[in-house]
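Have a look at query_25.tsv; it's TSV, C-alpha atoms:
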```tsv
chain	number	residue	atom	x	y	z
A	1	MET	CA	0.00	0.00	0.00
A	2	ASP	CA	1.18	3.44	-0.83
A	3	ILE	CA	0.71	6.11	1.81
A	4	PRO	CA	-0.30	9.30	0.03
A	5	TYR	CA	1.45	12.64	0.43
A	6	THR	CA	4.52	11.52	2.38
A	7	THR	CA	6.71	13.87	0.39
A	8	LYS	CA	4.45	15.73	-2.01
A	9	ALA	CA	2.32	18.52	-0.63
A	10	ARG	CA	-1.39	17.87	-0.53
A	11	PRO	CA	-3.00	20.47	-2.80
A	12	ASP	CA	-5.57	21.74	-0.29
A	13	THR	CA	-3.28	22.08	2.76
A	14	GLY	CA	-0.03	22.76	0.94
A	15	LEU	CA	1.70	20.33	3.35
A	16	PHE	CA	2.77	16.72	3.33
A	17	ASN	CA	0.31	14.84	5.52
A	18	ALA	CA	2.59	13.97	8.42
A	19	LYS	CA	3.34	17.62	9.03
A	20	LEU	CA	-0.28	18.58	9.52
A	21	GLY	CA	-0.63	15.39	11.57
A	22	ILE	CA	2.14	16.27	14.00
A	23	TRP	CA	0.78	19.79	14.41
A	24	LEU	CA	-2.66	18.44	15.25
A	25	PHE	CA	-1.02	16.15	17.77
A	26	LEU	CA	0.98	19.04	19.23
A	27	ALA	CA	-2.24	21.04	19.49
A	28	SER	CA	-3.67	18.28	21.69
A	29	GLU	CA	-0.44	18.30	23.70
A	30	VAL	CA	-0.84	22.04	24.24
A	31	MET	CA	-4.22	21.32	25.82
A	32	LEU	CA	-2.79	18.52	27.97
A	33	PHE	CA	0.02	20.61	29.38
A	34	GLY	CA	-2.19	23.70	29.38
A	35	ALA	CA	-4.62	22.01	31.76
A	36	LEU	CA	-1.78	21.16	34.14
A	37	PHE	CA	-0.27	24.64	33.89
A	38	SER	CA	-3.66	26.17	34.72
A	39	SER	CA	-3.94	23.83	37.69
A	40	TYR	CA	-0.49	24.89	38.77
A	41	ILE	CA	-1.42	28.59	38.60
A	42	LEU	CA	-4.63	28.00	40.56
A	43	LEU	CA	-2.82	26.00	43.25
A	44	ARG	CA	0.11	28.42	43.45
A	45	VAL	CA	-2.08	31.50	43.75
A	46	GLY	CA	-4.34	29.80	46.27
A	47	ALA	CA	-1.51	28.58	48.51
A	48	ASP	CA	-1.13	30.10	51.94
A	49	PRO	CA	2.06	32.06	52.54
A	50	GLY	CA	4.71	29.62	53.71
A	51	ALA	CA	2.82	26.56	52.51
A	52	TRP	CA	4.51	26.67	49.10
A	53	PRO	CA	8.06	25.34	49.34
A	54	GLN	CA	10.72	27.77	48.13
A	55	GLY	CA	14.22	26.84	47.11
A	56	LEU	CA	13.98	23.10	47.63
A	57	LEU	CA	15.08	22.28	44.10
A	58	ASN	CA	18.69	22.47	43.01
A	59	ILE	CA	18.88	25.51	40.73
A	60	PRO	CA	22.38	24.92	39.25
A	61	ILE	CA	21.37	21.38	38.26
A	62	GLY	CA	18.08	22.62	36.82
A	63	THR	CA	19.88	25.34	34.85
A	64	PHE	CA	22.36	22.82	33.49
A	65	ASN	CA	19.52	20.53	32.46
A	66	THR	CA	17.83	23.43	30.67
A	67	ALA	CA	21.05	24.04	28.73
A	68	VAL	CA	21.25	20.32	27.90
A	69	LEU	CA	17.73	20.35	26.46
A	70	ILE	CA	18.31	23.56	24.48
A	71	THR	CA	21.49	22.04	23.02
A	72	SER	CA	19.58	18.93	21.98
A	73	SER	CA	17.00	21.11	20.26
A	74	VAL	CA	19.59	22.92	18.16
A	75	THR	CA	21.34	19.66	17.20
A	76	VAL	CA	18.01	18.25	16.01
A	77	VAL	CA	17.44	21.16	13.67
A	78	LEU	CA	21.08	21.15	12.49
A	79	GLY	CA	20.86	17.41	11.84
A	80	TRP	CA	17.74	17.89	9.76
A	81	SER	CA	19.33	20.66	7.70
A	82	ALA	CA	22.39	18.43	7.17
A	83	LEU	CA	20.05	15.89	5.61
A	84	GLN	CA	18.64	18.58	3.35
A	85	MET	CA	22.19	19.14	2.14
A	86	ASN	CA	22.59	15.39	1.54
A	87	ASN	CA	25.13	15.12	4.34
A	88	PHE	CA	24.04	11.94	6.10
A	89	LYS	CA	27.24	11.64	8.12
A	90	ALA	CA	26.81	15.09	9.67
A	91	TYR	CA	23.16	14.26	10.42
A	92	ARG	CA	24.24	11.11	12.29
A	93	LYS	CA	26.71	13.10	14.38
A	94	PHE	CA	24.22	15.81	15.29
A	95	GLN	CA	21.50	13.32	16.22
A	96	ALA	CA	23.97	11.29	18.26
A	97	VAL	CA	24.51	14.42	20.34
A	98	THR	CA	20.72	14.82	20.61
A	99	ILE	CA	20.29	11.29	21.92
A	100	LEU	CA	23.14	11.73	24.40
A	101	CYS	CA	21.58	15.00	25.60
A	102	ALA	CA	18.22	13.26	26.03
A	103	LEU	CA	19.82	10.51	28.09
A	104	GLY	CA	21.78	13.11	30.04
A	105	PHE	CA	18.61	15.04	30.79
A	106	LEU	CA	16.83	11.93	32.04
A	107	GLY	CA	19.86	10.85	34.06
A	108	ILE	CA	20.12	14.22	35.78
A	109	LYS	CA	16.37	14.28	36.39
A	110	SER	CA	16.44	10.86	38.03
A	111	PHE	CA	19.32	12.01	40.22
A	112	GLU	CA	17.17	14.97	41.27
A	113	TYR	CA	14.24	12.65	41.94
A	114	SER	CA	16.29	10.27	44.07
A	115	ASP	CA	17.56	13.26	46.04
A	116	LYS	CA	13.95	14.21	46.82
A	117	PHE	CA	13.04	10.66	47.86
A	118	THR	CA	15.73	10.74	50.57
A	119	HIS	CA	14.97	14.29	51.75
A	120	TYR	CA	12.38	14.69	54.51
A	121	GLU	CA	10.20	17.03	56.43
A	122	ILE	CA	9.25	16.36	60.05
A	123	TRP	CA	6.24	17.94	61.75
A	124	PHE	CA	7.03	17.74	65.47
A	125	LYS	CA	4.31	17.47	68.09
A	126	ASP	CA	5.47	20.74	69.64
A	127	GLY	CA	4.45	22.47	66.40
A	128	HIS	CA	7.80	23.21	64.77
A	129	ARG	CA	8.81	21.78	61.42
A	130	GLN	CA	12.19	20.81	60.09
A	131	THR	CA	13.57	19.54	56.78
A	132	GLY	CA	16.63	17.33	56.38
A	133	HIS	CA	17.90	13.84	55.76
A	134	VAL	CA	16.93	10.74	57.71
A	135	TYR	CA	19.50	8.05	58.44
A	136	HIS	CA	18.75	4.68	59.96
A	137	ASN	CA	21.45	2.14	60.85
A	138	GLY	CA	23.95	4.51	59.22
A	139	LYS	CA	22.18	4.57	55.85
A	140	LYS	CA	20.06	7.16	54.08
A	141	VAL	CA	16.49	5.87	53.97
A	142	TRP	CA	14.09	6.17	51.04
A	143	PHE	CA	10.36	6.94	50.96
A	144	TRP	CA	9.82	6.84	54.72
A	145	ASN	CA	6.62	8.07	56.31
A	146	ASN	CA	4.84	7.58	59.63
A	147	LYS	CA	4.03	3.97	58.75
A	148	SER	CA	7.72	3.16	58.30
A	149	LEU	CA	8.29	4.07	61.96
A	150	GLU	CA	5.53	1.78	63.24
A	151	GLY	CA	7.09	-1.41	61.89
A	152	SER	CA	4.99	-4.38	60.80
A	153	PRO	CA	4.33	-7.95	62.01
A	154	ALA	CA	5.54	-10.94	60.02
A	155	VAL	CA	3.28	-12.10	57.19
A	156	THR	CA	2.78	-15.86	56.94
A	157	ASP	CA	0.78	-17.93	54.47
A	158	ALA	CA	-1.70	-20.72	55.36
A	159	LYS	CA	1.09	-23.28	55.87
A	160	GLY	CA	2.87	-21.03	58.32
A	161	ASN	CA	5.78	-20.13	56.00
A	162	VAL	CA	7.05	-16.63	56.56
A	163	LYS	CA	6.40	-14.56	53.41
A	164	GLU	CA	7.52	-11.25	54.86
A	165	ALA	CA	9.73	-10.97	57.92
A	166	ALA	CA	8.58	-8.78	60.80
A	167	VAL	CA	9.89	-5.22	60.69
A	168	PRO	CA	10.65	-3.80	64.13
A	169	ALA	CA	9.25	-0.39	65.03
A	170	VAL	CA	11.70	2.50	64.86
A	171	ALA	CA	11.94	4.20	68.25
A	172	GLU	CA	14.45	6.85	67.16
A	173	PHE	CA	16.56	7.76	64.14
A	174	GLU	CA	19.35	10.07	63.08
A	175	PHE	CA	18.34	13.34	61.43
A	176	HIS	CA	20.58	15.81	59.56
A	177	PRO	CA	18.61	19.05	59.52
A	178	ASP	CA	18.86	21.64	56.73
A	179	ALA	CA	20.11	25.08	57.66
A	180	ARG	CA	16.78	26.73	56.93
A	181	HIS	CA	13.16	25.76	56.57
A	182	TYR	CA	11.54	26.51	53.22
A	183	ALA	CA	8.63	28.34	54.80
A	184	ALA	CA	11.05	30.98	56.10
A	185	ALA	CA	12.64	31.59	52.71
A	186	ALA	CA	10.73	34.69	51.61
A	187	PRO	CA	12.67	36.68	48.97
A	188	ALA	CA	13.00	39.81	51.15
A	189	GLU	CA	14.62	37.80	53.92
A	190	LEU	CA	16.89	36.04	51.50
A	191	ALA	CA	18.49	39.29	50.46
A	192	ALA	CA	19.31	39.96	54.09
A	193	ALA	CA	20.88	36.55	54.61
A	194	PRO	CA	22.58	35.58	51.36
A	195	VAL	CA	24.92	33.06	52.95
A	196	GLU	CA	22.20	31.02	54.57
A	197	HIS	CA	20.20	31.26	51.38
A	198	ALA	CA	22.96	29.60	49.41
A	199	ALA	CA	22.96	26.70	51.81
A	200	ALA	CA	19.19	26.31	51.88
A	201	GLU	CA	18.92	26.45	48.13
A	202	THR	CA	20.14	22.94	47.49
A	203	GLY	CA	18.49	21.73	50.65
A	204	HIS	CA	21.90	20.51	51.73
A	205	GLY	CA	22.68	22.86	54.54
A	206	ALA	CA	23.36	19.91	56.81
A	207	ALA	CA	26.92	21.03	57.40
A	208	ALA	CA	25.64	24.07	59.26
A	209	HIS	CA	23.64	22.00	61.75
A	210	PRO	CA	24.97	18.88	63.45
A	211	ALA	CA	23.01	15.64	63.24
A	212	ILE	CA	20.36	15.12	65.90
A	213	THR	CA	18.55	12.06	67.20
A	214	VAL	CA	14.81	12.23	66.77
A	215	LYS	CA	12.40	10.15	68.85
A	216	SER	CA	9.52	8.69	66.84
A	217	SER	CA	7.16	9.53	69.70
A	218	ASP	CA	7.90	13.26	69.22
A	219	ILE	CA	6.73	13.25	65.62
A	220	ARG	CA	3.33	14.13	64.32
A	221	ARG	CA	4.14	13.56	60.69
A	222	LEU	CA	7.14	12.38	58.70
A	223	SER	CA	7.22	12.58	54.92
A	224	ALA	CA	9.84	12.37	52.21
A	225	PHE	CA	9.56	14.91	49.38
A	226	VAL	CA	7.17	12.70	47.44
A	227	PRO	CA	3.84	13.69	45.83
A	228	SER	CA	1.91	13.11	49.06
A	229	HIS	CA	4.16	15.56	50.94
A	230	SER	CA	2.33	18.64	49.70
A	231	THR	CA	0.44	20.24	46.83
A	232	TYR	CA	3.73	21.63	45.54
A	233	PHE	CA	5.40	18.24	45.22
A	234	ALA	CA	2.24	16.69	43.80
A	235	ILE	CA	2.17	19.15	40.91
A	236	TYR	CA	5.99	19.12	40.61
A	237	PHE	CA	6.12	15.36	40.11
A	238	THR	CA	3.06	15.31	37.86
A	239	LEU	CA	4.47	17.96	35.54
A	240	THR	CA	8.09	16.81	35.46
A	241	ALA	CA	7.24	13.11	35.17
A	242	LEU	CA	4.85	13.77	32.30
A	243	HIS	CA	7.51	15.91	30.65
A	244	GLY	CA	10.12	13.20	31.33
A	245	LEU	CA	7.93	10.64	29.58
A	246	HIS	CA	7.78	12.96	26.58
A	247	VAL	CA	11.57	13.24	26.58
A	248	LEU	CA	11.82	9.45	26.71
A	249	GLY	CA	9.28	8.99	23.89
A	250	GLY	CA	10.93	11.61	21.69
A	251	ALA	CA	14.37	10.11	22.31
A	252	LEU	CA	13.09	6.64	21.33
A	253	VAL	CA	11.72	7.94	18.04
A	254	ILE	CA	14.89	9.90	17.26
A	255	ALA	CA	17.02	6.88	18.17
A	256	PHE	CA	14.91	4.64	15.94
A	257	LEU	CA	15.33	6.98	12.98
A	258	TRP	CA	19.05	7.26	13.78
A	259	GLY	CA	19.52	3.48	13.93
A	260	PRO	CA	17.28	0.89	12.24
A	261	GLY	CA	14.99	3.48	10.64
A	262	ALA	CA	17.90	5.03	8.74
A	263	LYS	CA	17.56	2.35	6.03
A	264	MET	CA	14.97	4.58	4.42
A	265	TRP	CA	17.63	7.17	3.61
A	266	LYS	CA	18.86	4.81	0.85
A	267	THR	CA	15.43	4.03	-0.61
A	268	ASP	CA	13.49	7.27	-0.11
A	269	PRO	CA	15.70	10.10	1.18
A	270	GLU	CA	13.06	12.79	0.88
A	271	ARG	CA	10.53	10.88	2.94
A	272	TYR	CA	13.23	10.07	5.48
A	273	THR	CA	14.14	13.74	5.79
A	274	ASN	CA	10.48	14.51	6.41
A	275	ARG	CA	10.34	11.89	9.14
A	276	VAL	CA	13.33	13.49	10.81
A	277	GLU	CA	11.64	16.88	10.59
A	278	ILE	CA	8.48	15.52	12.22
A	279	SER	CA	10.40	13.91	15.09
A	280	GLY	CA	12.23	17.23	15.45
A	281	LEU	CA	8.98	19.20	15.71
A	282	PHE	CA	7.91	16.98	18.59
A	283	TRP	CA	11.32	17.40	20.21
A	284	HIS	CA	11.17	21.19	20.01
A	285	PHE	CA	7.76	21.10	21.64
A	286	VAL	CA	9.17	19.09	24.53
A	287	ASP	CA	11.94	21.68	24.84
A	288	LEU	CA	9.35	24.45	24.74
A	289	VAL	CA	7.39	22.91	27.62
A	290	TRP	CA	10.55	22.71	29.70
A	291	ILE	CA	11.27	26.40	29.01
A	292	PHE	CA	8.10	27.16	31.01
A	293	LEU	CA	8.47	24.36	33.54
A	294	PHE	CA	11.95	25.35	34.66
A	295	PRO	CA	11.18	28.88	35.91
A	296	ILE	CA	7.79	28.08	37.43
A	297	LEU	CA	8.95	25.02	39.37
A	298	TYR	CA	12.49	25.99	40.27
A	299	LEU	CA	12.37	29.74	40.64
A	300	LEU	CA	8.89	30.99	41.55
B	301	MET	CA	13.79	19.86	-0.91
B	302	SER	CA	12.27	22.28	-3.31
B	303	ALA	CA	14.01	25.16	-5.02
B	304	SER	CA	13.67	27.27	-1.87
B	305	HIS	CA	15.98	24.83	-0.09
B	306	SER	CA	19.10	25.76	-1.98
B	307	ILE	CA	22.40	25.10	-0.23
B	308	GLU	CA	22.84	28.84	0.27
B	309	ALA	CA	19.43	29.20	1.90
B	310	ILE	CA	20.07	26.22	4.19
B	311	LYS	CA	23.43	27.62	5.27
B	312	LYS	CA	21.73	30.89	6.10
B	313	HIS	CA	19.14	29.01	8.15
B	314	ARG	CA	21.89	27.25	10.07
B	315	ARG	CA	23.35	30.58	11.12
B	316	THR	CA	19.89	31.58	12.34
B	317	TYR	CA	19.62	28.35	14.36
B	318	LEU	CA	22.93	29.04	16.07
B	319	THR	CA	21.92	32.62	16.85
B	320	VAL	CA	18.65	31.39	18.35
B	321	PHE	CA	20.60	28.82	20.36
B	322	LEU	CA	22.77	31.58	21.85
B	323	CYS	CA	19.70	33.72	22.60
B	324	LEU	CA	18.12	30.77	24.43
B	325	LEU	CA	21.22	30.29	26.57
B	326	VAL	CA	21.34	34.01	27.35
B	327	GLY	CA	17.63	33.90	28.23
B	328	THR	CA	18.22	31.00	30.63
B	329	ALA	CA	21.13	32.84	32.26
B	330	LEU	CA	18.92	35.95	32.56
B	331	THR	CA	16.08	34.03	34.24
B	332	VAL	CA	18.37	32.36	36.74
B	333	GLY	CA	20.41	35.53	37.36
B	334	MET	CA	17.29	37.51	38.08
B	335	TYR	CA	16.26	34.98	40.72
B	336	TYR	CA	19.39	35.84	42.69
B	337	VAL	CA	18.76	39.60	42.45
B	338	HIS	CA	15.76	39.34	44.83
B	339	PHE	CA	13.35	42.05	43.80
B	340	GLN	CA	11.22	43.72	46.43
B	341	HIS	CA	8.04	42.09	45.17
B	342	LEU	CA	7.61	38.51	44.11
B	343	SER	CA	5.36	39.74	41.30
B	344	THR	CA	8.36	41.47	39.64
B	345	THR	CA	10.27	38.19	39.62
B	346	VAL	CA	7.27	36.29	38.28
B	347	THR	CA	6.61	38.84	35.53
B	348	ILE	CA	10.21	38.91	34.31
B	349	ALA	CA	10.52	35.11	34.45
B	350	LEU	CA	7.34	34.64	32.43
B	351	ILE	CA	8.26	37.30	29.85
B	352	VAL	CA	11.70	35.73	29.32
B	353	ALA	CA	10.14	32.24	29.08
B	354	THR	CA	7.58	33.47	26.54
B	355	VAL	CA	10.28	35.10	24.41
B	356	LYS	CA	12.35	31.91	24.54
B	357	ALA	CA	9.36	29.75	23.65
B	358	SER	CA	8.50	32.07	20.74
B	359	LEU	CA	12.07	31.80	19.42
B	360	VAL	CA	11.89	28.00	19.52
B	361	ALA	CA	8.48	28.00	17.82
B	362	ALA	CA	9.36	30.59	15.19
B	363	PHE	CA	12.77	29.28	14.10
B	364	PHE	CA	13.31	25.69	15.25
B	365	MET	CA	9.72	24.76	14.43
B	366	HIS	CA	9.71	27.05	11.36
B	367	LEU	CA	6.50	28.77	12.40
B	368	SER	CA	7.84	32.05	11.01
B	369	HIS	CA	7.14	30.70	7.52
B	370	GLU	CA	4.45	28.04	7.58
B	371	ARG	CA	1.30	27.14	5.69
B	372	LYS	CA	-2.10	28.51	6.51
B	373	ALA	CA	-3.41	25.08	7.58
B	374	ILE	CA	-0.98	25.06	10.51
B	375	TYR	CA	-1.71	28.65	11.53
B	376	SER	CA	-5.45	27.99	11.59
B	377	THR	CA	-4.93	24.83	13.64
B	378	LEU	CA	-2.88	26.78	16.14
B	379	LEU	CA	-5.34	29.66	16.24
B	380	VAL	CA	-8.13	27.28	17.25
B	381	THR	CA	-5.80	25.71	19.84
B	382	ALA	CA	-4.93	29.11	21.27
B	383	CYS	CA	-8.62	29.98	21.66
B	384	PHE	CA	-9.37	26.71	23.44
B	385	LEU	CA	-6.29	27.08	25.63
B	386	ALA	CA	-7.27	30.60	26.63
B	387	ALA	CA	-10.83	29.44	27.38
B	388	MET	CA	-9.59	26.56	29.49
B	389	MET	CA	-7.12	28.71	31.42
B	390	TRP	CA	-9.85	31.23	32.05
B	391	LEU	CA	-12.18	28.50	33.31
B	392	PHE	CA	-9.57	27.20	35.73
B	393	ILE	CA	-8.55	30.56	37.04
B	394	HIS	CA	-12.10	31.82	37.14
B	395	THR	CA	-12.96	29.22	39.78
B	396	ARG	CA	-10.95	31.32	42.22
B	397	THR	CA	-12.90	34.48	41.62
B	398	ASP	CA	-16.32	32.91	41.26
B	399	VAL	CA	-17.30	33.47	44.91
B	400	PRO	CA	-18.71	36.44	46.81
B	401	LEU	CA	-15.92	38.87	47.66
B	402	ASP	CA	-16.29	38.60	51.43
B	403	THR	CA	-16.08	34.80	51.49
B	404	GLU	CA	-13.60	33.47	54.00
B	405	PHE	CA	-11.69	30.30	53.28
B	406	PRO	CA	-11.06	28.58	56.60
B	407	ALA	CA	-10.09	25.40	54.77
B	408	THR	CA	-7.10	27.05	53.10
B	409	LYS	CA	-5.26	27.33	56.42
B	410	TYR	CA	-2.31	25.00	56.10
B	411	VAL	CA	-2.85	22.00	58.35
B	412	PRO	CA	-0.34	19.24	57.76
B	413	HIS	CA	-2.10	15.92	58.00
B	414	SER	CA	-0.82	12.88	59.79
B	415	SER	CA	-1.27	9.26	58.86
B	416	THR	CA	-1.90	8.51	62.54
B	417	PRO	CA	-4.87	10.38	64.01
B	418	ALA	CA	-3.82	13.18	66.33
B	419	LYS	CA	-4.61	12.48	69.99
B	420	PRO	CA	-7.00	14.99	71.51
```

Kindly present the structure from the file in structure tokens form.
Amino acid sequence: MDIPYTTKARPDTGLFNAKLGIWLFLASEVMLFGALFSSYILLRVGADPGAWPQGLLNIPIGTFNTAVLITSSVTVVLGWSALQMNNFKAYRKFQAVTILCALGFLGIKSFEYSDKFTHYEIWFKDGHRQTGHVYHNGKKVWFWNNKSLEGSPAVTDAKGNVKEAAVPAVAEFEFHPDARHYAAAAPAELAAAPVEHAAAETGHGAAAHPAITVKSSDIRRLSAFVPSHSTYFAIYFTLTALHGLHVLGGALVIAFLWGPGAKMWKTDPERYTNRVEISGLFWHFVDLVWIFLFPILYLL
Amino acid sequence: MSASHSIEAIKKHRRTYLTVFLCLLVGTALTVGMYYVHFQHLSTTVTIALIVATVKASLVAAFFMHLSHERKAIYSTLLVTACFLAAMMWLFIHTRTDVPLDTEFPATKYVPHSSTPAKP
């Protein structure tokens, strides 16, 4: 079967079909991300002062990741124009950089995620709150919450075989507090205390405060920086994970065209070039979304 | 690869791409730099950040996505999208204003919840 208008422009639209197709798809993507951006605005504007975490994300890492994504966007468009000039070798080089950038972006993002999963906030019964890192038996712990402190009895099946060993309750644990709590980080105060601000920014101000031992009985709530921690982290993970999936999907398509899909360059170079352009349009859109995500999540 | 895609024209486009790339990096530096300046009002920071982001996004759309010279079919698609997006954003944001002005919101007080019920 011959797919019509893969290279020739359709008379009524003046475009080859895939191009109108990808734009229709991007239009639906605008609505998808638009809904989440609107939700973000509503939640951000409605948040009580101090309830919206400030400066918990690592700005230098976020900035670097932005640069990585921008670089990948320019290599995509340079690769495509190399194909237009019949320079397949140059195209391969540019797209190789794109794929490496995509992997780099995802790698850095997962590092940021893992950092959040080991970073905690404690609501003490006396009313004060503190952020920092939780250690148990000398190791950083992941995804802890109140339930993790309670422990659990052993789970056995009908024959009495132990399926899950009993987990003892945690009476106390080691806590490395951050230098500053996010609720106190209003911009006006930051200007007055630039040194402390620098420490609080990465959430790694532990050096400033020595480790303390926290009794489980003193805690009202314990939560890692996971979606259930707060509205902020819920929308942060929703937006960045959805964007991350787009990066992954785009990278897979670009990698396919770079590798096995490149056979088409020999049989139908014009159609192949169009395919590369289409994958590029999607990639630029993903970059465009990040251009908005970075300032609103990291800086505002 | 029509006549408009002569080698000369493509080379010219490539220079544009690199210029846009530099502008995007400068824009990123500007956004981050401005965060460290700490303006008196948060609204100043927000406004600048959003203006810079919009300019950057427009550059990507206009040059990398070739929207500066596209066919009418794409422009009309995007016009419809823009209308729907604006309507949706308005709907979302309108929910905040769609109450009598003197309404108090006791529920918006930040009360961290606990997985174990608090003892009275």

Report the closest atom pair, with its distance in Å rounded to one decimal, for each residue of chain B that has an atom no farther than 7 Å from chain A; count all atoms listed in the file, sort by chain and then rising residue number, and write it as JSON lines.
```
{"residue": "B:Met301", "atom": "CA", "partner": "A:Gln84", "partner_atom": "CA", "distance": 6.6}
{"residue": "B:Ile307", "atom": "CA", "partner": "A:Met85", "partner_atom": "CA", "distance": 6.4}
{"residue": "B:Ile310", "atom": "CA", "partner": "A:Ser81", "partner_atom": "CA", "distance": 6.6}
{"residue": "B:Arg314", "atom": "CA", "partner": "A:Leu78", "partner_atom": "CA", "distance": 6.6}
{"residue": "B:Tyr317", "atom": "CA", "partner": "A:Val74", "partner_atom": "CA", "distance": 6.6}
{"residue": "B:Phe321", "atom": "CA", "partner": "A:Val74", "partner_atom": "CA", "distance": 6.4}
{"residue": "B:Leu325", "atom": "CA", "partner": "A:Ala67", "partner_atom": "CA", "distance": 6.6}
{"residue": "B:Tyr335", "atom": "CA", "partner": "A:Leu299", "partner_atom": "CA", "distance": 6.5}
{"residue": "B:His338", "atom": "CA", "partner": "A:Pro187", "partner_atom": "CA", "distance": 5.8}
{"residue": "B:Gln340", "atom": "CA", "partner": "A:Ala188", "partner_atom": "CA", "distance": 6.4}
{"residue": "B:Val346", "atom": "CA", "partner": "A:Leu300", "partner_atom": "CA", "distance": 6.4}
{"residue": "B:Ala349", "atom": "CA", "partner": "A:Pro295", "partner_atom": "CA", "distance": 6.4}
{"residue": "B:Ala353", "atom": "CA", "partner": "A:Phe292", "partner_atom": "CA", "distance": 5.8}
{"residue": "B:Ala357", "atom": "CA", "partner": "A:Leu288", "partner_atom": "CA", "distance": 5.4}
{"residue": "B:Val360", "atom": "CA", "partner": "A:Leu288", "partner_atom": "CA", "distance": 6.8}
{"residue": "B:Phe364", "atom": "CA", "partner": "A:Val77", "partner_atom": "CA", "distance": 6.3}
{"residue": "B:Met365", "atom": "CA", "partner": "A:Leu281", "partner_atom": "CA", "distance": 5.8}
{"residue": "B:Arg371", "atom": "CA", "partner": "A:Gly14", "partner_atom": "CA", "distance": 6.6}
{"residue": "B:Ala373", "atom": "CA", "partner": "A:Thr13", "partner_atom": "CA", "distance": 5.7}
{"residue": "B:Ile374", "atom": "CA", "partner": "A:Leu20", "partner_atom": "CA", "distance": 6.6}
{"residue": "B:Thr377", "atom": "CA", "partner": "A:Leu24", "partner_atom": "CA", "distance": 7.0}
{"residue": "B:Leu378", "atom": "CA", "partner": "A:Ala27", "partner_atom": "CA", "distance": 6.7}
{"residue": "B:Thr381", "atom": "CA", "partner": "A:Ala27", "partner_atom": "CA", "distance": 5.9}
{"residue": "B:Leu385", "atom": "CA", "partner": "A:Met31", "partner_atom": "CA", "distance": 6.1}
{"residue": "B:Met389", "atom": "CA", "partner": "A:Ser38", "partner_atom": "CA", "distance": 5.4}
{"residue": "B:Phe392", "atom": "CA", "partner": "A:Ser38", "partner_atom": "CA", "distance": 6.1}
{"residue": "B:Ile393", "atom": "CA", "partner": "A:Leu42", "partner_atom": "CA", "distance": 5.9}
{"residue": "B:Thr408", "atom": "CA", "partner": "A:Asp48", "partner_atom": "CA", "distance": 6.8}
{"residue": "B:Lys409", "atom": "CA", "partner": "A:Asp48", "partner_atom": "CA", "distance": 6.7}
{"residue": "B:Tyr410", "atom": "CA", "partner": "A:Ala51", "partner_atom": "CA", "distance": 6.5}
{"residue": "B:Ser414", "atom": "CA", "partner": "A:Arg221", "partner_atom": "CA", "distance": 5.1}
{"residue": "B:Ser415", "atom": "CA", "partner": "A:Asn146", "partner_atom": "CA", "distance": 6.4}
```

When you draw a straight line from CA of Ala224 in chain A to CA of Glu121 in chain A, how long is it in Å?
-> 6.3 Å

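For the pair CA of Lys311 in chain B and CA of Phe256 in chain A, the separation is 26.7 Å.
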
Residue nearest Gln130 in chain A among A:Tyr182, A:Tyr91, A:Trp265, A:Phe111 (counting all atoms listed in the file) =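 Between A:Tyr182, A:Tyr91, A:Trp265, A:Phe111, the residue approaching Gln130 in chain A most closely is A:Tyr182.
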
Work out how far CA of Glu174 in chain A is from CA of His136 in chain A, in Å to one decimal.
-> 6.3 Å
